[in-house]
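In what follows, a single structure is set out as structure tokens and then discussed.
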Amino acid sequence: MTDEVFGFIGLGNMGQPMARNAKAKGLAMIVHDLAGTADRAPEGAEIAQSNGEVARRAAVIALSLPTVDANRAVVLEIAEAGHAGSVVVDTCTIGPEAAAENAAILKAAGIDYVDSPVSGLKFRAEDGTLASMAAGSAEAVERARPLIEGYSRVLYHVGPDAGQGQRMKVVNNALCISAYVTTSEALAYGENGGLDINTMLEVVNASSGQNFATLQIFPKYVATSQYDDSGAQAHIVKKDIGLFVSGSNGEGTPNAAITKAYEVIAEFSEADPLQDQMRIYPFVRDSNK
């Protein structure tokens, strides 16, 4: 058991259960959330009055923030208030370029940066079974390991450079979110011919068409009509798959199919940015009506 103090900034849909699971592993923890820390803090965690207090007092600090702008603002606060030798673990999905810029900002202050986005959505955050894909020096990743493993079922060290964790997450998200669209289209076709959605999912998941959407997300939230419970809003998934499209366009790699899926997700988000991502199914199903 390490005797270092671990910080957590951002206690929202993902951050709150992540921090709670890490604290349950016995880590000493100090936390802060701009929306109100006391009601969101893990039991037994110390409540900081500001992000700067977390930066001053913690040796390893995790970030779980909703937007690229919020992420950068907190990184700048940590660079100003933090101390040399500390480590920032960035669990946010912000794209490779933003991660590389964060690393440079923090390096100038003597602070190590681990680019370590997570995958699994809110239900795996609740269970403490997220997948973490970390990029950074081996030393920084090892310093951060007790915190990362506190909320993850697996930790992959994907490379030494900030941005490589983001690139891995963008690859994952491009596959996952585009499958929301293709799965919705396929199931809508089946329902139109009288097939039951639960039966379709059962057959697909025993066959070659299975993916994370059919195995996990659609049975939990679509087949049950619990569309509003997945914990991710439309604007978040638009941002996430958009990172792939913009990055791929910039580098000239193939992206035609995923760009088509992005266009559907963009329309979905424009209809209501705050709706749950799982309302993609009725949106797609009813789009031609």
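Every chain in the structure tokens has a letter given in the order shown (A, B, ...), and although residue numbers restart at 1 in each chain, ligands are simply numbered from 1 in the order shown.
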Which of stretch 1-167 of chain A counts as strand (DSSP E or B) under DSSP, as a PDB file with N, CA and C atoms, in the first residue's frame please?
```pdb
ATOM      1  N   VAL A   5      -0.574  10.708  -1.250  1.00  0.00           N
ATOM      2  CA  VAL A   5      -1.925  11.262  -1.310  1.00  0.00           C
ATOM      3  C   VAL A   5      -2.311  11.392  -2.781  1.00  0.00           C
ATOM      4  N   PHE A   6      -3.493  10.898  -3.110  1.00  0.00           N
ATOM      5  CA  PHE A   6      -3.998  10.939  -4.473  1.00  0.00           C
ATOM      6  C   PHE A   6      -5.126  11.949  -4.576  1.00  0.00           C
ATOM      7  N   GLY A   7      -5.123  12.701  -5.666  1.00  0.00           N
ATOM      8  CA  GLY A   7      -6.156  13.699  -5.888  1.00  0.00           C
ATOM      9  C   GLY A   7      -7.092  13.280  -7.007  1.00  0.00           C
ATOM     10  N   PHE A   8      -8.307  13.813  -6.952  1.00  0.00           N
ATOM     11  CA  PHE A   8      -9.260  13.573  -8.035  1.00  0.00           C
ATOM     12  C   PHE A   8     -10.035  14.861  -8.269  1.00  0.00           C
ATOM     13  N   ILE A   9      -9.982  15.366  -9.501  1.00  0.00           N
ATOM     14  CA  ILE A   9     -10.692  16.588  -9.885  1.00  0.00           C
ATOM     15  C   ILE A   9     -11.726  16.240 -10.941  1.00  0.00           C
ATOM     16  N   ALA A  28      -5.340   7.179   0.203  1.00  0.00           N
ATOM     17  CA  ALA A  28      -5.578   8.493   0.794  1.00  0.00           C
ATOM     18  C   ALA A  28      -5.922   9.442  -0.330  1.00  0.00           C
ATOM     19  N   MET A  29      -7.048  10.153  -0.217  1.00  0.00           N
ATOM     20  CA  MET A  29      -7.543  10.906  -1.361  1.00  0.00           C
ATOM     21  C   MET A  29      -8.091  12.265  -0.957  1.00  0.00           C
ATOM     22  N   ILE A  30      -7.796  13.263  -1.805  1.00  0.00           N
ATOM     23  CA  ILE A  30      -8.370  14.596  -1.681  1.00  0.00           C
ATOM     24  C   ILE A  30      -9.039  14.925  -3.000  1.00  0.00           C
ATOM     25  N   VAL A  31     -10.273  15.488  -2.953  1.00  0.00           N
ATOM     26  CA  VAL A  31     -11.072  15.619  -4.171  1.00  0.00           C
ATOM     27  C   VAL A  31     -11.688  17.009  -4.278  1.00  0.00           C
ATOM     28  N   HIS A  32     -12.041  17.379  -5.517  1.00  0.00           N
ATOM     29  CA  HIS A  32     -12.740  18.644  -5.732  1.00  0.00           C
ATOM     30  C   HIS A  32     -13.559  18.570  -7.008  1.00  0.00           C
ATOM     31  N   GLU A  46     -10.879  13.476   1.669  1.00  0.00           N
ATOM     32  CA  GLU A  46     -10.783  14.853   2.124  1.00  0.00           C
ATOM     33  C   GLU A  46     -11.330  15.771   1.034  1.00  0.00           C
ATOM     34  N   ILE A  47     -12.084  16.774   1.434  1.00  0.00           N
ATOM     35  CA  ILE A  47     -12.714  17.694   0.485  1.00  0.00           C
ATOM     36  C   ILE A  47     -11.866  18.947   0.354  1.00  0.00           C
ATOM     37  N   VAL A  60      -0.325  12.495  -6.893  1.00  0.00           N
ATOM     38  CA  VAL A  60      -0.848  11.987  -8.167  1.00  0.00           C
ATOM     39  C   VAL A  60      -2.290  12.458  -8.269  1.00  0.00           C
ATOM     40  N   ILE A  61      -2.650  13.097  -9.385  1.00  0.00           N
ATOM     41  CA  ILE A  61      -3.964  13.730  -9.530  1.00  0.00           C
ATOM     42  C   ILE A  61      -4.637  13.233 -10.789  1.00  0.00           C
ATOM     43  N   ALA A  62      -5.845  12.676 -10.654  1.00  0.00           N
ATOM     44  CA  ALA A  62      -6.639  12.264 -11.811  1.00  0.00           C
ATOM     45  C   ALA A  62      -7.607  13.371 -12.192  1.00  0.00           C
ATOM     46  N   LEU A  63      -7.833  13.524 -13.487  1.00  0.00           N
ATOM     47  CA  LEU A  63      -8.796  14.486 -14.024  1.00  0.00           C
ATOM     48  C   LEU A  63      -9.911  13.733 -14.744  1.00  0.00           C
ATOM     49  N   VAL A  87       2.329  13.988 -10.445  1.00  0.00           N
ATOM     50  CA  VAL A  87       1.898  13.340 -11.684  1.00  0.00           C
ATOM     51  C   VAL A  87       0.423  13.650 -11.909  1.00  0.00           C
ATOM     52  N   VAL A  88       0.079  14.038 -13.129  1.00  0.00           N
ATOM     53  CA  VAL A  88      -1.323  14.223 -13.526  1.00  0.00           C
ATOM     54  C   VAL A  88      -1.727  13.054 -14.403  1.00  0.00           C
ATOM     55  N   VAL A  89      -2.838  12.407 -14.038  1.00  0.00           N
ATOM     56  CA  VAL A  89      -3.418  11.316 -14.824  1.00  0.00           C
ATOM     57  C   VAL A  89      -4.669  11.870 -15.493  1.00  0.00           C
ATOM     58  N   ASP A  90      -4.620  12.019 -16.794  1.00  0.00           N
ATOM     59  CA  ASP A  90      -5.720  12.638 -17.535  1.00  0.00           C
ATOM     60  C   ASP A  90      -6.606  11.548 -18.119  1.00  0.00           C
ATOM     61  N   ASP A 112       4.844  15.556 -14.198  1.00  0.00           N
ATOM     62  CA  ASP A 112       4.685  14.499 -15.192  1.00  0.00           C
ATOM     63  C   ASP A 112       3.229  14.369 -15.600  1.00  0.00           C
ATOM     64  N   TYR A 113       3.010  13.896 -16.823  1.00  0.00           N
ATOM     65  CA  TYR A 113       1.659  13.775 -17.384  1.00  0.00           C
ATOM     66  C   TYR A 113       1.470  12.369 -17.922  1.00  0.00           C
ATOM     67  N   VAL A 114       0.414  11.718 -17.474  1.00  0.00           N
ATOM     68  CA  VAL A 114       0.036  10.416 -18.006  1.00  0.00           C
ATOM     69  C   VAL A 114      -1.288  10.587 -18.749  1.00  0.00           C
ATOM     70  N   ASP A 115      -1.223  10.412 -20.036  1.00  0.00           N
ATOM     71  CA  ASP A 115      -2.385  10.493 -20.921  1.00  0.00           C
ATOM     72  C   ASP A 115      -3.093   9.140 -20.829  1.00  0.00           C
ATOM     73  N   VAL A 118     -10.188   6.475 -20.476  1.00  0.00           N
ATOM     74  CA  VAL A 118     -10.838   5.242 -20.029  1.00  0.00           C
ATOM     75  C   VAL A 118     -11.957   4.874 -20.986  1.00  0.00           C
ATOM     76  N   SER A 119     -12.327   3.589 -20.968  1.00  0.00           N
ATOM     77  CA  SER A 119     -13.435   3.113 -21.778  1.00  0.00           C
ATOM     78  C   SER A 119     -14.309   2.182 -20.943  1.00  0.00           C
ATOM     79  N   LEU A 130     -13.379  -0.323 -15.607  1.00  0.00           N
ATOM     80  CA  LEU A 130     -13.013   0.385 -16.830  1.00  0.00           C
ATOM     81  C   LEU A 130     -11.730  -0.174 -17.432  1.00  0.00           C
ATOM     82  N   ALA A 131     -11.535   0.070 -18.708  1.00  0.00           N
ATOM     83  CA  ALA A 131     -10.253  -0.187 -19.361  1.00  0.00           C
ATOM     84  C   ALA A 131      -9.513   1.136 -19.482  1.00  0.00           C
ATOM     85  N   SER A 132      -8.269   1.168 -19.026  1.00  0.00           N
ATOM     86  CA  SER A 132      -7.441   2.371 -19.115  1.00  0.00           C
ATOM     87  C   SER A 132      -6.319   2.141 -20.111  1.00  0.00           C
ATOM     88  N   MET A 133      -6.078   3.137 -20.968  1.00  0.00           N
ATOM     89  CA  MET A 133      -5.032   3.071 -21.989  1.00  0.00           C
ATOM     90  C   MET A 133      -4.078   4.234 -21.741  1.00  0.00           C
ATOM     91  N   ALA A 134      -2.947   3.943 -21.126  1.00  0.00           N
ATOM     92  CA  ALA A 134      -2.060   4.992 -20.618  1.00  0.00           C
ATOM     93  C   ALA A 134      -0.852   5.185 -21.516  1.00  0.00           C
ATOM     94  N   ALA A 135      -0.483   6.455 -21.689  1.00  0.00           N
ATOM     95  CA  ALA A 135       0.748   6.801 -22.387  1.00  0.00           C
ATOM     96  C   ALA A 135       1.524   7.782 -21.511  1.00  0.00           C
ATOM     97  N   SER A 152     -10.045   0.634 -12.581  1.00  0.00           N
ATOM     98  CA  SER A 152      -9.927  -0.098 -13.843  1.00  0.00           C
ATOM     99  C   SER A 152      -9.814  -1.600 -13.601  1.00  0.00           C
ATOM    100  N   ARG A 153     -10.322  -2.367 -14.555  1.00  0.00           N
ATOM    101  CA  ARG A 153     -10.089  -3.809 -14.519  1.00  0.00           C
ATOM    102  C   ARG A 153      -8.797  -4.165 -15.245  1.00  0.00           C
ATOM    103  N   VAL A 154      -8.339  -3.253 -16.137  1.00  0.00           N
ATOM    104  CA  VAL A 154      -7.129  -3.507 -16.900  1.00  0.00           C
ATOM    105  C   VAL A 154      -6.475  -2.173 -17.231  1.00  0.00           C
ATOM    106  N   LEU A 155      -5.146  -2.163 -17.203  1.00  0.00           N
ATOM    107  CA  LEU A 155      -4.363  -0.980 -17.564  1.00  0.00           C
ATOM    108  C   LEU A 155      -3.376  -1.385 -18.647  1.00  0.00           C
ATOM    109  N   TYR A 156      -3.504  -0.752 -19.802  1.00  0.00           N
ATOM    110  CA  TYR A 156      -2.566  -0.963 -20.905  1.00  0.00           C
ATOM    111  C   TYR A 156      -1.642   0.242 -21.011  1.00  0.00           C
ATOM    112  N   HIS A 157      -0.330  -0.007 -20.999  1.00  0.00           N
ATOM    113  CA  HIS A 157       0.641   1.059 -21.250  1.00  0.00           C
ATOM    114  C   HIS A 157       0.925   1.026 -22.747  1.00  0.00           C
ATOM    115  N   VAL A 158       0.299   1.958 -23.499  1.00  0.00           N
ATOM    116  CA  VAL A 158       0.294   1.862 -24.961  1.00  0.00           C
ATOM    117  C   VAL A 158       1.463   2.592 -25.617  1.00  0.00           C
ATOM    118  N   GLY A 159       2.218   3.384 -24.855  1.00  0.00           N
ATOM    119  CA  GLY A 159       3.338   4.092 -25.453  1.00  0.00           C
ATOM    120  C   GLY A 159       3.917   5.119 -24.511  1.00  0.00           C
TER     121      GLY A 159
END
```
- Pick out the residues sitting within 12 Å of stretch 234-236 of chain A, and hand them over as a ChimeraX atom specification; count only C-alpha atoms, and ignore anything fewer than 4 positions along from it in its own chain. /A:65-68,92-94,121,173,177,180,227-228,230,240-243,262,264-280,283
- Query: Between atom CA of A:Glu80 and atom CA of A:Ala48, what is the distance, to one decimal in Å?
  - Reply: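 Straight-line distance from atom CA of A:Glu80 to atom CA of A:Ala48 works out to 16.6 Å.
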Would you list the contacts of A:Ser64 as a short mmCIF file (atom, residue, chain, number, x, y, z; two decimals) with C-alpha atoms, in the first residue's frame, taking every protein, DNA or RNA residue within 6 Å and counting only C-alpha atoms, but skipping same-chain residues closer than 4 positions in sequence?
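In the end it all went to part_6.cif:
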```cif
data_model
loop_
_atom_site.label_atom_id
_atom_site.label_comp_id
_atom_site.auth_asym_id
_atom_site.auth_seq_id
_atom_site.Cartn_x
_atom_site.Cartn_y
_atom_site.Cartn_z
CA GLY A 10 -14.10 16.17 -11.50
CA GLY A 15 -15.44 10.77 -12.05
CA THR A 91 -8.70 10.31 -17.99
CA CYS A 92 -10.53 12.71 -20.33
#
```
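One finds atom CA of A:Asn205 at 12.8 Å from atom CA of A:Leu187.
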- Query: Could you pull the residues within 12 Å of A:Glu101, counting only C-alpha atoms, minus those fewer than 4 positions along the same chain, as a count of residues only?
  - Reply: 18
- Message: Would you compute the distance between atom CA of A:Ala109 and atom CA of A:Gln166? Give it in Å to one decimal.
- Response: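 So the answer is 22.1 Å.
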- Message: I'd like to know which of A:Gly85, A:Gly209, A:Gly165, A:Pro282 is closest to A:Ala223, using only C-alpha atoms.
- Response: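 The answer is A:Pro282, which sits nearest to A:Ala223.
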What are the DSSP alpha helix (DSSP H) residues of stretch 106-232 of chain A, as a short mmCIF file (atom, residue, chain, number, x, y, z; two decimals) with N, CA and C atoms, in the first residue's frame?
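Okay, result13.cif is ready:
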```
data_model
loop_
_atom_site.label_atom_id
_atom_site.label_comp_id
_atom_site.auth_asym_id
_atom_site.auth_seq_id
_atom_site.Cartn_x
_atom_site.Cartn_y
_atom_site.Cartn_z
N LEU A 106 2.61 21.10 -18.45
CA LEU A 106 2.95 20.56 -17.13
C LEU A 106 4.45 20.29 -17.00
N LYS A 107 5.08 19.87 -18.08
CA LYS A 107 6.53 19.63 -18.04
C LYS A 107 7.28 20.89 -17.65
N LEU A 121 -17.96 3.31 -20.24
CA LEU A 121 -19.19 4.03 -19.88
C LEU A 121 -19.46 3.99 -18.38
N LYS A 122 -20.57 4.61 -18.01
CA LYS A 122 -20.88 4.80 -16.59
C LYS A 122 -21.04 3.49 -15.85
N PHE A 123 -21.64 2.47 -16.48
CA PHE A 123 -21.89 1.24 -15.74
C PHE A 123 -20.60 0.54 -15.35
N ARG A 124 -19.56 0.64 -16.17
CA ARG A 124 -18.28 0.06 -15.78
C ARG A 124 -17.51 0.97 -14.83
N ALA A 125 -17.74 2.26 -14.92
CA ALA A 125 -17.18 3.15 -13.90
C ALA A 125 -17.76 2.80 -12.53
N GLU A 126 -19.07 2.54 -12.49
CA GLU A 126 -19.72 2.16 -11.24
C GLU A 126 -19.13 0.87 -10.68
N ASP A 127 -18.83 -0.07 -11.57
CA ASP A 127 -18.31 -1.37 -11.15
C ASP A 127 -16.80 -1.37 -10.89
N ALA A 138 7.47 5.23 -18.25
CA ALA A 138 7.22 4.06 -17.41
C ALA A 138 7.18 4.45 -15.94
N GLU A 139 8.04 5.39 -15.55
CA GLU A 139 8.09 5.82 -14.15
C GLU A 139 6.80 6.51 -13.74
N ALA A 140 6.29 7.39 -14.60
CA ALA A 140 5.06 8.11 -14.26
C ALA A 140 3.87 7.16 -14.21
N VAL A 141 3.80 6.22 -15.14
CA VAL A 141 2.71 5.26 -15.14
C VAL A 141 2.74 4.42 -13.87
N GLU A 142 3.92 4.01 -13.43
CA GLU A 142 4.02 3.21 -12.21
C GLU A 142 3.61 4.03 -10.98
N ARG A 143 3.98 5.30 -10.94
CA ARG A 143 3.52 6.16 -9.84
C ARG A 143 2.00 6.23 -9.81
N ALA A 144 1.40 6.29 -11.00
CA ALA A 144 -0.04 6.45 -11.10
C ALA A 144 -0.80 5.14 -11.00
N ARG A 145 -0.12 4.02 -11.09
CA ARG A 145 -0.78 2.72 -11.18
C ARG A 145 -1.77 2.46 -10.04
N PRO A 146 -1.44 2.74 -8.77
CA PRO A 146 -2.44 2.46 -7.72
C PRO A 146 -3.76 3.19 -7.92
N LEU A 147 -3.68 4.43 -8.41
CA LEU A 147 -4.90 5.19 -8.66
C LEU A 147 -5.66 4.63 -9.86
N ILE A 148 -4.94 4.41 -10.96
CA ILE A 148 -5.59 3.91 -12.18
C ILE A 148 -6.23 2.55 -11.93
N GLU A 149 -5.52 1.67 -11.25
CA GLU A 149 -6.06 0.34 -10.99
C GLU A 149 -7.19 0.37 -9.98
N GLY A 150 -7.34 1.50 -9.28
CA GLY A 150 -8.45 1.64 -8.36
C GLY A 150 -9.80 1.69 -9.05
N TYR A 151 -9.82 2.13 -10.31
CA TYR A 151 -11.09 2.22 -11.03
C TYR A 151 -11.10 1.40 -12.32
N GLN A 164 -0.57 9.32 -27.34
CA GLN A 164 -0.75 7.94 -27.79
C GLN A 164 -1.92 7.27 -27.06
N GLY A 165 -2.15 7.61 -25.81
CA GLY A 165 -3.33 7.12 -25.12
C GLY A 165 -4.59 7.65 -25.77
N GLN A 166 -4.57 8.95 -26.12
CA GLN A 166 -5.71 9.55 -26.80
C GLN A 166 -5.95 8.90 -28.16
N ARG A 167 -4.88 8.65 -28.89
CA ARG A 167 -5.04 8.03 -30.20
C ARG A 167 -5.69 6.65 -30.06
N MET A 168 -5.27 5.89 -29.04
CA MET A 168 -5.88 4.58 -28.82
C MET A 168 -7.36 4.73 -28.48
N LYS A 169 -7.68 5.72 -27.64
CA LYS A 169 -9.09 5.94 -27.28
C LYS A 169 -9.90 6.40 -28.49
N VAL A 170 -9.34 7.22 -29.33
CA VAL A 170 -10.05 7.69 -30.51
C VAL A 170 -10.32 6.51 -31.46
N VAL A 171 -9.36 5.60 -31.61
CA VAL A 171 -9.58 4.40 -32.40
C VAL A 171 -10.75 3.60 -31.82
N ASN A 172 -10.71 3.38 -30.51
CA ASN A 172 -11.78 2.63 -29.85
C ASN A 172 -13.14 3.32 -30.04
N ASN A 173 -13.18 4.64 -29.83
CA ASN A 173 -14.44 5.36 -29.93
C ASN A 173 -14.99 5.38 -31.35
N ALA A 174 -14.10 5.46 -32.33
CA ALA A 174 -14.56 5.44 -33.71
C ALA A 174 -15.28 4.14 -34.01
N LEU A 175 -14.74 3.03 -33.53
CA LEU A 175 -15.39 1.74 -33.73
C LEU A 175 -16.69 1.64 -32.94
N CYS A 176 -16.66 2.06 -31.68
CA CYS A 176 -17.82 1.92 -30.81
C CYS A 176 -18.98 2.80 -31.25
N ILE A 177 -18.71 4.09 -31.47
CA ILE A 177 -19.80 5.03 -31.74
C ILE A 177 -20.36 4.83 -33.15
N SER A 178 -19.51 4.52 -34.12
CA SER A 178 -20.05 4.22 -35.45
C SER A 178 -20.92 2.98 -35.40
N ALA A 179 -20.61 2.05 -34.50
CA ALA A 179 -21.46 0.85 -34.34
C ALA A 179 -22.83 1.20 -33.76
N TYR A 180 -22.93 2.29 -32.98
CA TYR A 180 -24.27 2.72 -32.54
C TYR A 180 -25.17 2.98 -33.75
N VAL A 181 -24.57 3.60 -34.77
CA VAL A 181 -25.36 3.94 -35.97
C VAL A 181 -25.68 2.70 -36.76
N THR A 182 -24.69 1.87 -37.07
CA THR A 182 -24.95 0.68 -37.88
C THR A 182 -25.85 -0.31 -37.15
N THR A 183 -25.67 -0.45 -35.85
CA THR A 183 -26.54 -1.34 -35.08
C THR A 183 -27.97 -0.83 -35.09
N SER A 184 -28.14 0.48 -34.94
CA SER A 184 -29.49 1.06 -34.98
C SER A 184 -30.14 0.82 -36.33
N GLU A 185 -29.41 1.04 -37.41
CA GLU A 185 -29.98 0.83 -38.74
C GLU A 185 -30.38 -0.63 -38.95
N ALA A 186 -29.52 -1.55 -38.52
CA ALA A 186 -29.80 -2.97 -38.71
C ALA A 186 -31.02 -3.41 -37.90
N LEU A 187 -31.08 -2.99 -36.64
CA LEU A 187 -32.20 -3.39 -35.79
C LEU A 187 -33.51 -2.75 -36.26
N ALA A 188 -33.45 -1.52 -36.75
CA ALA A 188 -34.65 -0.87 -37.27
C ALA A 188 -35.19 -1.64 -38.47
N TYR A 189 -34.31 -2.13 -39.33
CA TYR A 189 -34.74 -2.96 -40.46
C TYR A 189 -35.41 -4.24 -39.96
N GLY A 190 -34.82 -4.86 -38.93
CA GLY A 190 -35.42 -6.07 -38.39
C GLY A 190 -36.78 -5.83 -37.78
N GLU A 191 -36.89 -4.76 -36.99
CA GLU A 191 -38.18 -4.45 -36.36
C GLU A 191 -39.24 -4.13 -37.40
N ASN A 192 -38.83 -3.49 -38.48
CA ASN A 192 -39.79 -3.15 -39.53
C ASN A 192 -40.41 -4.40 -40.16
N ILE A 197 -36.82 -7.08 -30.84
CA ILE A 197 -35.46 -6.55 -30.64
C ILE A 197 -34.64 -7.43 -29.70
N ASN A 198 -35.26 -7.98 -28.66
CA ASN A 198 -34.52 -8.86 -27.76
C ASN A 198 -34.07 -10.13 -28.47
N THR A 199 -34.93 -10.68 -29.31
CA THR A 199 -34.57 -11.87 -30.07
C THR A 199 -33.43 -11.57 -31.03
N MET A 200 -33.52 -10.43 -31.72
CA MET A 200 -32.44 -10.06 -32.64
C MET A 200 -31.11 -9.94 -31.92
N LEU A 201 -31.11 -9.28 -30.78
CA LEU A 201 -29.86 -9.11 -30.04
C LEU A 201 -29.31 -10.45 -29.58
N GLU A 202 -30.19 -11.34 -29.14
CA GLU A 202 -29.73 -12.66 -28.70
C GLU A 202 -29.09 -13.43 -29.86
N VAL A 203 -29.73 -13.38 -31.02
CA VAL A 203 -29.19 -14.08 -32.19
C VAL A 203 -27.87 -13.45 -32.64
N VAL A 204 -27.86 -12.13 -32.75
CA VAL A 204 -26.64 -11.45 -33.19
C VAL A 204 -25.48 -11.74 -32.24
N ASN A 205 -25.76 -11.76 -30.94
CA ASN A 205 -24.70 -11.96 -29.96
C ASN A 205 -24.20 -13.40 -29.90
N PHE A 212 -19.71 -4.36 -29.14
CA PHE A 212 -19.98 -3.88 -27.78
C PHE A 212 -21.38 -3.32 -27.65
#
```
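Neighbouring residues of A:Ile78 at 7 Å or closer, counting only C-alpha atoms and skipping chain neighbours under 3 positions away, are Gly52, Ala55, Val74, Val75, Ala81 and Gly82 of chain A.
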Polymer residues at most 9 Å from A:Glu43, only C-alpha atoms, same-chain spacing of 6 or more positions, as a PDB file with C-alpha atoms, in the first residue's frame:
```pdb
ATOM      1  CA  ARG A  20     -15.252   6.181  -5.042  1.00  0.00           C
ATOM      2  CA  LYS A  23     -10.914   5.362  -2.384  1.00  0.00           C
ATOM      3  CA  ALA A  24     -12.428   1.965  -1.554  1.00  0.00           C
TER       4      ALA A  24
END
```
- Could you name the residues that touch stretch 255-257 of chain A at 9 Å or less, counting only C-alpha atoms, but leaving out those on the same chain fewer than 4 positions away, as a count of residues only? 7
- Item | Counting only C-alpha atoms, the option among A:Val222, A:Ala99, A:Met18, A:Leu11 closest to A:Asp39 |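 Under the stated criterion, the closest residue is A:Leu11.
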